[in-house]
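The file input_19.cif comes next; it holds mmCIF, C-alpha atoms.
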data_query
loop_
_atom_site.label_atom_id
_atom_site.label_comp_id
_atom_site.auth_asym_id
_atom_site.auth_seq_id
_atom_site.Cartn_x
_atom_site.Cartn_y
_atom_site.Cartn_z
CA MET Z 1 -44.97 -18.16 -186.77
CA ARG Z 2 -43.45 -19.65 -189.94
CA ASN Z 3 -40.03 -18.22 -189.06
CA VAL Z 4 -40.22 -19.75 -185.60
CA LEU Z 5 -41.06 -23.15 -187.09
CA VAL Z 6 -38.19 -22.92 -189.58
CA LEU Z 7 -35.72 -22.01 -186.87
CA LEU Z 8 -36.97 -24.83 -184.66
CA VAL Z 9 -36.69 -27.56 -187.25
CA LEU Z 10 -33.30 -26.28 -188.43
CA ALA Z 11 -32.06 -26.43 -184.86
CA VAL Z 12 -33.33 -29.98 -184.53
CA SER Z 13 -31.68 -30.97 -187.81
CA SER Z 14 -28.38 -29.38 -186.82
CA GLY Z 15 -28.43 -31.03 -183.41
CA ALA Z 16 -29.03 -34.46 -184.90
CA ALA Z 17 -26.29 -33.95 -187.49
CA HIS Z 18 -23.74 -33.15 -184.78
CA GLY Z 19 -24.76 -36.12 -182.66
CA GLN Z 20 -26.17 -33.99 -179.90
CA GLY Z 21 -29.12 -36.32 -179.44
CA ASN Z 22 -31.64 -33.53 -178.89
CA SER Z 23 -33.89 -34.37 -181.84
CA ALA Z 24 -36.11 -36.68 -179.79
CA ASP Z 25 -36.25 -34.22 -176.90
CA ALA Z 26 -37.44 -31.47 -179.24
CA LEU Z 27 -40.07 -33.77 -180.74
CA PHE Z 28 -41.44 -34.73 -177.33
CA ALA Z 29 -41.43 -31.06 -176.29
CA ALA Z 30 -43.39 -30.03 -179.38
CA ILE Z 31 -46.00 -32.72 -178.71
CA ARG Z 32 -46.23 -31.78 -175.05
CA ASP Z 33 -46.76 -28.12 -175.92
CA GLY Z 34 -49.39 -28.86 -178.57
CA ARG Z 35 -47.22 -27.69 -181.48
CA GLU Z 36 -48.41 -30.34 -183.91
CA LEU Z 37 -47.14 -28.63 -187.06
CA ALA Z 38 -43.64 -28.30 -185.65
CA ALA Z 39 -43.68 -31.94 -184.57
CA GLU Z 40 -44.77 -33.01 -188.05
CA GLY Z 41 -41.89 -31.07 -189.57
CA MET Z 42 -39.43 -32.86 -187.32
CA VAL Z 43 -40.80 -36.23 -188.40
CA LEU Z 44 -41.38 -35.63 -192.10
CA ARG Z 45 -38.48 -33.35 -193.01
CA TYR Z 46 -35.78 -33.84 -190.44
CA GLY Z 47 -35.96 -37.50 -189.52
CA ALA Z 48 -36.58 -37.23 -185.79
CA ASP Z 49 -36.41 -40.60 -184.02
CA VAL Z 50 -40.02 -41.81 -184.14
CA ASP Z 51 -39.29 -44.64 -181.71
CA ALA Z 52 -37.51 -42.60 -179.06
CA ARG Z 53 -38.62 -43.18 -175.47
CA THR Z 54 -39.46 -41.08 -172.44
CA LEU Z 55 -38.46 -42.24 -168.98
CA ASP Z 56 -41.89 -43.90 -168.78
CA GLY Z 57 -41.22 -45.79 -171.98
CA GLU Z 58 -43.65 -43.79 -174.10
CA THR Z 59 -42.86 -43.15 -177.76
CA PRO Z 60 -43.86 -40.09 -179.78
CA LEU Z 61 -46.77 -42.18 -181.08
CA HIS Z 62 -48.04 -42.79 -177.54
CA LYS Z 63 -47.80 -39.07 -176.82
CA ALA Z 64 -49.45 -37.97 -180.06
CA LEU Z 65 -52.34 -40.33 -179.39
CA GLU Z 66 -52.74 -38.98 -175.86
CA LYS Z 67 -53.01 -35.49 -177.35
CA GLY Z 68 -55.40 -36.56 -180.12
CA MET Z 69 -53.11 -35.22 -182.87
CA LYS Z 70 -54.53 -36.83 -186.00
CA ASP Z 71 -52.08 -35.49 -188.56
CA LEU Z 72 -49.08 -36.25 -186.39
CA VAL Z 73 -50.28 -39.78 -185.70
CA ARG Z 74 -50.58 -40.33 -189.44
CA ALA Z 75 -47.10 -38.90 -190.02
CA LEU Z 76 -45.61 -41.13 -187.32
CA LEU Z 77 -47.29 -44.21 -188.77
CA ASP Z 78 -46.07 -43.29 -192.26
CA ALA Z 79 -42.58 -43.03 -190.77
CA LYS Z 80 -42.99 -46.59 -189.40
CA SER Z 81 -43.26 -45.73 -185.74
CA SER Z 82 -43.74 -49.00 -183.85
CA VAL Z 83 -47.35 -49.95 -183.14
CA THR Z 84 -46.16 -52.69 -180.78
CA ALA Z 85 -44.00 -50.48 -178.54
CA ARG Z 86 -44.85 -50.79 -174.87
CA THR Z 87 -44.54 -48.28 -172.05
CA ALA Z 88 -42.99 -49.14 -168.70
CA ASN Z 89 -46.46 -50.39 -167.68
CA GLY Z 90 -46.93 -52.41 -170.84
CA GLU Z 91 -49.34 -50.11 -172.67
CA THR Z 92 -49.25 -50.18 -176.46
CA PRO Z 93 -50.24 -47.25 -178.68
CA LEU Z 94 -53.64 -48.92 -179.11
CA HIS Z 95 -54.28 -48.52 -175.38
CA MET Z 96 -53.84 -44.76 -175.86
CA ALA Z 97 -56.15 -44.80 -178.88
CA ALA Z 98 -58.80 -46.53 -176.79
CA LEU Z 99 -59.01 -43.46 -174.57
CA ASN Z 100 -60.30 -41.39 -177.47
CA GLN Z 101 -63.98 -41.26 -178.39
CA GLU Z 102 -63.16 -41.14 -182.08
CA PRO Z 103 -62.56 -44.61 -183.56
CA TYR Z 104 -60.32 -42.96 -186.16
CA PHE Z 105 -57.22 -43.46 -184.03
CA ALA Z 106 -57.87 -47.12 -183.27
CA ALA Z 107 -58.71 -47.75 -186.92
CA MET Z 108 -55.41 -46.24 -188.09
CA LEU Z 109 -53.40 -48.33 -185.67
CA ILE Z 110 -55.27 -51.53 -186.49
CA THR Z 111 -54.66 -50.95 -190.20
CA ALA Z 112 -50.97 -50.50 -189.38
CA GLY Z 113 -50.91 -53.88 -187.64
CA ALA Z 114 -51.41 -52.98 -183.97
CA PRO Z 115 -52.06 -56.10 -181.84
CA VAL Z 116 -55.70 -55.80 -180.76
CA LYS Z 117 -55.45 -58.35 -177.94
CA ALA Z 118 -52.25 -57.01 -176.36
CA ARG Z 119 -52.54 -56.50 -172.62
CA ASN Z 120 -50.63 -54.23 -170.27
CA ASP Z 121 -48.95 -55.33 -167.05
CA ASP Z 122 -52.34 -55.32 -165.28
CA GLY Z 123 -53.76 -57.62 -167.92
CA GLU Z 124 -55.93 -54.87 -169.42
CA SER Z 125 -56.55 -54.83 -173.16
CA ALA Z 126 -57.31 -51.79 -175.29
CA LEU Z 127 -60.95 -52.91 -175.25
CA PHE Z 128 -60.86 -52.85 -171.45
CA TRP Z 129 -59.58 -49.26 -171.57
CA ALA Z 130 -62.28 -48.27 -174.04
CA ALA Z 131 -64.87 -49.78 -171.71
CA LEU Z 132 -63.47 -47.84 -168.75
CA SER Z 133 -63.59 -44.65 -170.80
CA GLY Z 134 -67.09 -45.20 -172.16
CA ASN Z 135 -65.88 -44.85 -175.74
CA VAL Z 136 -68.50 -46.95 -177.49
CA ALA Z 137 -67.53 -46.26 -181.12
CA THR Z 138 -63.91 -47.09 -180.39
CA ALA Z 139 -64.90 -50.25 -178.53
CA GLN Z 140 -67.04 -51.26 -181.50
CA ARG Z 141 -64.05 -50.85 -183.83
CA LEU Z 142 -61.86 -52.92 -181.52
CA LEU Z 143 -64.47 -55.67 -181.36
CA GLU Z 144 -64.76 -55.70 -185.15
CA ALA Z 145 -60.99 -56.15 -185.34
CA GLY Z 146 -60.99 -59.13 -182.99
CA GLY Z 147 -60.96 -57.57 -179.54
CA ASP Z 148 -61.95 -60.17 -176.96
CA PRO Z 149 -64.84 -59.20 -174.64
CA ASP Z 150 -64.14 -62.28 -172.53
CA MET Z 151 -60.47 -61.48 -171.85
CA PRO Z 152 -60.04 -60.76 -168.12
CA ASP Z 153 -57.49 -58.51 -166.49
CA LEU Z 154 -55.28 -59.84 -163.70
CA ARG Z 155 -58.08 -59.22 -161.19
CA GLY Z 156 -60.43 -61.39 -163.19
CA SER Z 157 -62.56 -58.49 -164.39
CA LEU Z 158 -63.89 -58.39 -167.94
CA PRO Z 159 -64.51 -55.28 -170.06
CA LEU Z 160 -68.14 -55.67 -168.97
CA HIS Z 161 -67.07 -55.20 -165.35
CA ALA Z 162 -65.27 -52.01 -166.38
CA ALA Z 163 -68.31 -50.68 -168.22
CA ALA Z 164 -70.57 -51.45 -165.26
CA ASP Z 165 -68.12 -49.87 -162.86
CA VAL Z 166 -68.25 -46.52 -164.66
CA GLY Z 167 -71.98 -46.74 -165.40
CA SER Z 168 -71.87 -46.65 -169.19
CA VAL Z 169 -75.27 -47.91 -170.36
CA ASP Z 170 -74.38 -47.93 -174.05
CA MET Z 171 -71.10 -49.73 -173.43
CA VAL Z 172 -72.82 -52.36 -171.29
CA ARG Z 173 -75.36 -52.95 -174.06
CA LEU Z 174 -72.56 -53.34 -176.61
CA LEU Z 175 -70.58 -55.79 -174.49
CA LEU Z 176 -73.62 -57.78 -173.39
CA ALA Z 177 -74.29 -58.52 -177.04
CA ARG Z 178 -70.75 -59.85 -177.47
CA THR Z 179 -69.68 -61.54 -174.25
CA SER Z 180 -70.28 -65.21 -173.57
CA ALA Z 181 -69.86 -64.69 -169.83
CA PRO Z 182 -72.19 -61.90 -168.66
CA ALA Z 183 -72.30 -63.34 -165.14
CA ALA Z 184 -68.52 -63.82 -164.79
CA ARG Z 185 -67.13 -63.01 -161.36
CA ASN Z 186 -63.79 -61.41 -160.67
CA ARG Z 187 -61.36 -62.41 -157.91
CA ASP Z 188 -63.39 -60.43 -155.41
CA GLY Z 189 -66.40 -62.56 -156.29
CA LEU Z 190 -68.22 -59.70 -157.98
CA CYS Z 191 -70.07 -59.81 -161.28
CA ALA Z 192 -70.77 -56.72 -163.40
CA TYR Z 193 -74.23 -56.43 -161.85
CA ASP Z 194 -72.69 -56.23 -158.36
CA LEU Z 195 -70.38 -53.41 -159.41
CA ALA Z 196 -73.22 -51.44 -160.96
CA ARG Z 197 -75.24 -51.75 -157.75
CA GLU Z 198 -72.28 -50.79 -155.56
CA ARG Z 199 -71.66 -47.65 -157.62
CA GLY Z 200 -75.33 -46.69 -157.70
CA HIS Z 201 -75.70 -47.10 -161.47
CA GLU Z 202 -79.31 -48.25 -161.38
CA ASP Z 203 -79.92 -48.12 -165.15
CA VAL Z 204 -76.93 -50.38 -165.71
CA ALA Z 205 -77.97 -52.68 -162.88
CA LYS Z 206 -81.37 -53.14 -164.51
CA LEU Z 207 -79.69 -54.19 -167.76
CA LEU Z 208 -77.56 -56.69 -165.88
CA GLU Z 209 -80.17 -57.96 -163.47
CA PHE Z 210 -80.62 -61.22 -165.37
CA THR Z 211 -76.92 -62.03 -164.73
CA ARG Z 212 -77.05 -61.80 -160.93
#
As structure tokens, the full file:
Amino acid sequence: MRNVLVLLVLAVSSGAAHGQGNSADALFAAIRDGRELAAEGMVLRYGADVDARTLDGETPLHKALEKGMKDLVRALLDAKSSVTARTANGETPLHMAALNQEPYFAAMLITAGAPVKARNDDGESALFWAALSGNVATAQRLLEAGGDPDMPDLRGSLPLHAAADVGSVDMVRLLLARTSAPAARNRDGLCAYDLARERGHEDVAKLLEFTR
């Protein structure tokens, strides 16, 4: 295994030195295949481009966050990978971190200066994504860092709408304690209570009944 890793990183280094431009491709391939140690070697020892892009505009940091690779995320941040880089749809690395239950990833990015209120092309913040995913601990960390529970997406839905839509009782409780607009209606005229009822999330609907 060690010999394979050595050969891989030497190949990457040689390719970069000869201008072949395959360093980034090898880094993305290692992340895709779950070879975190190899990817770390490319970043820490061989200077792979930490801000390279896929066709979708994702950087190695986006990809490492999607895979939940803690050590690689740390290595990329230490190598100054951009925490403000946006995909073709406008997602920042913090959006990817919001999809993880562990607040560790969001905390690392926030410490590195990630913009907590950045929104993608649909107007969705990282907090909105955390709400959709039911990741309460991560949402809590985002709120502590200044995430806005009253920031709507382009459809006029708040993170509370997202939490009600997926039926996350704990997330709804968290956001109810923070939002100043629990009865806000989106462009379809629906409040969070309406969405909970439509989806059959009765426990959530009971929590939101006072907002109807």
Once the PyMOL selection byres ((chain Z and resi 191-199) around 8) has been evaluated on this model, what residues remain selected, and can you format them as a count of residues only?
23
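Interatomic distance, atom CA of Arg53 of chain Z against atom CA of Met108 of chain Z: 21.2 Å.
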Apply the PyMOL selection byres ((chain Z and resi 141-151) around 10) to the displayed file and report the matching residues as a ChimeraX atom specification.
/Z:94,98,102-104,106-107,110-111,115-119,123-128,130-131,136-140,152-154,156-160,174-182,184
Writing out the chosen residues with C-alpha atoms as a PDB file, keeping the file's coordinate frame:
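Dumped to part.pdb:
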ATOM      1  CA  LEU Z  94     -53.640 -48.920-179.110  1.00  0.00           C
ATOM      2  CA  ALA Z  98     -58.800 -46.530-176.790  1.00  0.00           C
ATOM      3  CA  GLU Z 102     -63.160 -41.140-182.080  1.00  0.00           C
ATOM      4  CA  PRO Z 103     -62.560 -44.610-183.560  1.00  0.00           C
ATOM      5  CA  TYR Z 104     -60.320 -42.960-186.160  1.00  0.00           C
ATOM      6  CA  ALA Z 106     -57.870 -47.120-183.270  1.00  0.00           C
ATOM      7  CA  ALA Z 107     -58.710 -47.750-186.920  1.00  0.00           C
ATOM      8  CA  ILE Z 110     -55.270 -51.530-186.490  1.00  0.00           C
ATOM      9  CA  THR Z 111     -54.660 -50.950-190.200  1.00  0.00           C
ATOM     10  CA  PRO Z 115     -52.060 -56.100-181.840  1.00  0.00           C
ATOM     11  CA  VAL Z 116     -55.700 -55.800-180.760  1.00  0.00           C
ATOM     12  CA  LYS Z 117     -55.450 -58.350-177.940  1.00  0.00           C
ATOM     13  CA  ALA Z 118     -52.250 -57.010-176.360  1.00  0.00           C
ATOM     14  CA  ARG Z 119     -52.540 -56.500-172.620  1.00  0.00           C
ATOM     15  CA  GLY Z 123     -53.760 -57.620-167.920  1.00  0.00           C
ATOM     16  CA  GLU Z 124     -55.930 -54.870-169.420  1.00  0.00           C
ATOM     17  CA  SER Z 125     -56.550 -54.830-173.160  1.00  0.00           C
ATOM     18  CA  ALA Z 126     -57.310 -51.790-175.290  1.00  0.00           C
ATOM     19  CA  LEU Z 127     -60.950 -52.910-175.250  1.00  0.00           C
ATOM     20  CA  PHE Z 128     -60.860 -52.850-171.450  1.00  0.00           C
ATOM     21  CA  ALA Z 130     -62.280 -48.270-174.040  1.00  0.00           C
ATOM     22  CA  ALA Z 131     -64.870 -49.780-171.710  1.00  0.00           C
ATOM     23  CA  VAL Z 136     -68.500 -46.950-177.490  1.00  0.00           C
ATOM     24  CA  ALA Z 137     -67.530 -46.260-181.120  1.00  0.00           C
ATOM     25  CA  THR Z 138     -63.910 -47.090-180.390  1.00  0.00           C
ATOM     26  CA  ALA Z 139     -64.900 -50.250-178.530  1.00  0.00           C
ATOM     27  CA  GLN Z 140     -67.040 -51.260-181.500  1.00  0.00           C
ATOM     28  CA  PRO Z 152     -60.040 -60.760-168.120  1.00  0.00           C
ATOM     29  CA  ASP Z 153     -57.490 -58.510-166.490  1.00  0.00           C
ATOM     30  CA  LEU Z 154     -55.280 -59.840-163.700  1.00  0.00           C
ATOM     31  CA  GLY Z 156     -60.430 -61.390-163.190  1.00  0.00           C
ATOM     32  CA  SER Z 157     -62.560 -58.490-164.390  1.00  0.00           C
ATOM     33  CA  LEU Z 158     -63.890 -58.390-167.940  1.00  0.00           C
ATOM     34  CA  PRO Z 159     -64.510 -55.280-170.060  1.00  0.00           C
ATOM     35  CA  LEU Z 160     -68.140 -55.670-168.970  1.00  0.00           C
ATOM     36  CA  LEU Z 174     -72.560 -53.340-176.610  1.00  0.00           C
ATOM     37  CA  LEU Z 175     -70.580 -55.790-174.490  1.00  0.00           C
ATOM     38  CA  LEU Z 176     -73.620 -57.780-173.390  1.00  0.00           C
ATOM     39  CA  ALA Z 177     -74.290 -58.520-177.040  1.00  0.00           C
ATOM     40  CA  ARG Z 178     -70.750 -59.850-177.470  1.00  0.00           C
ATOM     41  CA  THR Z 179     -69.680 -61.540-174.250  1.00  0.00           C
ATOM     42  CA  SER Z 180     -70.280 -65.210-173.570  1.00  0.00           C
ATOM     43  CA  ALA Z 181     -69.860 -64.690-169.830  1.00  0.00           C
ATOM     44  CA  PRO Z 182     -72.190 -61.900-168.660  1.00  0.00           C
ATOM     45  CA  ALA Z 184     -68.520 -63.820-164.790  1.00  0.00           C
TER      46      ALA Z 184
END
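Separating atom CA of Gly90 of chain Z from atom CA of Ala112 of chain Z is a distance of 19.1 Å.
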For the file shown, what are the residues hit by the PyMOL selection byres ((chain Z and resi 75) around 10), laid out as a compact mmCIF listing (two decimals) with C-alpha atoms, in the coordinates of the input?
# COMPACT_ATOMS: atom_id res chain seq x y z
CA ALA Z 39 -43.68 -31.94 -184.57
CA GLU Z 40 -44.77 -33.01 -188.05
CA GLY Z 41 -41.89 -31.07 -189.57
CA VAL Z 43 -40.80 -36.23 -188.40
CA LEU Z 44 -41.38 -35.63 -192.10
CA VAL Z 50 -40.02 -41.81 -184.14
CA LEU Z 61 -46.77 -42.18 -181.08
CA LYS Z 70 -54.53 -36.83 -186.00
CA ASP Z 71 -52.08 -35.49 -188.56
CA LEU Z 72 -49.08 -36.25 -186.39
CA VAL Z 73 -50.28 -39.78 -185.70
CA ARG Z 74 -50.58 -40.33 -189.44
CA LEU Z 76 -45.61 -41.13 -187.32
CA LEU Z 77 -47.29 -44.21 -188.77
CA ASP Z 78 -46.07 -43.29 -192.26
CA ALA Z 79 -42.58 -43.03 -190.77
CA LYS Z 80 -42.99 -46.59 -189.40
CA SER Z 81 -43.26 -45.73 -185.74
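Atom CA of Ala88 of chain Z is positioned 5.4 Å from atom CA of Asp56 of chain Z.
Closest approach to Ala48 of chain Z among Z:Asp25, Z:Asp170, Z:Asp203, Z:Glu91: Z:Asp25, based on only C-alpha atoms.
The neighbours of Thr87 of chain Z here are the residues that come within 9 Å of it, using all atoms listed in the file and leaving out any residue fewer than 2 positions away in the same chain; they are Z:Arg53, Z:Thr54, Z:Asp56, Z:Gly57, Z:Glu58, Z:Thr59, Z:His62, Z:Ala85, Z:Asn89, Z:Gly90, Z:Glu91, Z:Thr92, Z:Pro93, Z:Asn120.
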Closest of Z:Leu27, Z:Thr84, Z:Asp121, Z:Ala64 to Ala97 of chain Z - atom-to-atom distances counting all atoms listed in the file:
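Selected residue with least distance to Ala97 of chain Z: Z:Ala64.
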Residues at most 7 Å from Leu99 of chain Z, counting all atoms listed in the file, excluding those fewer than 4 positions away in the same chain, as an MDAnalysis selection string?
chainID Z and resid 95 129:130 133
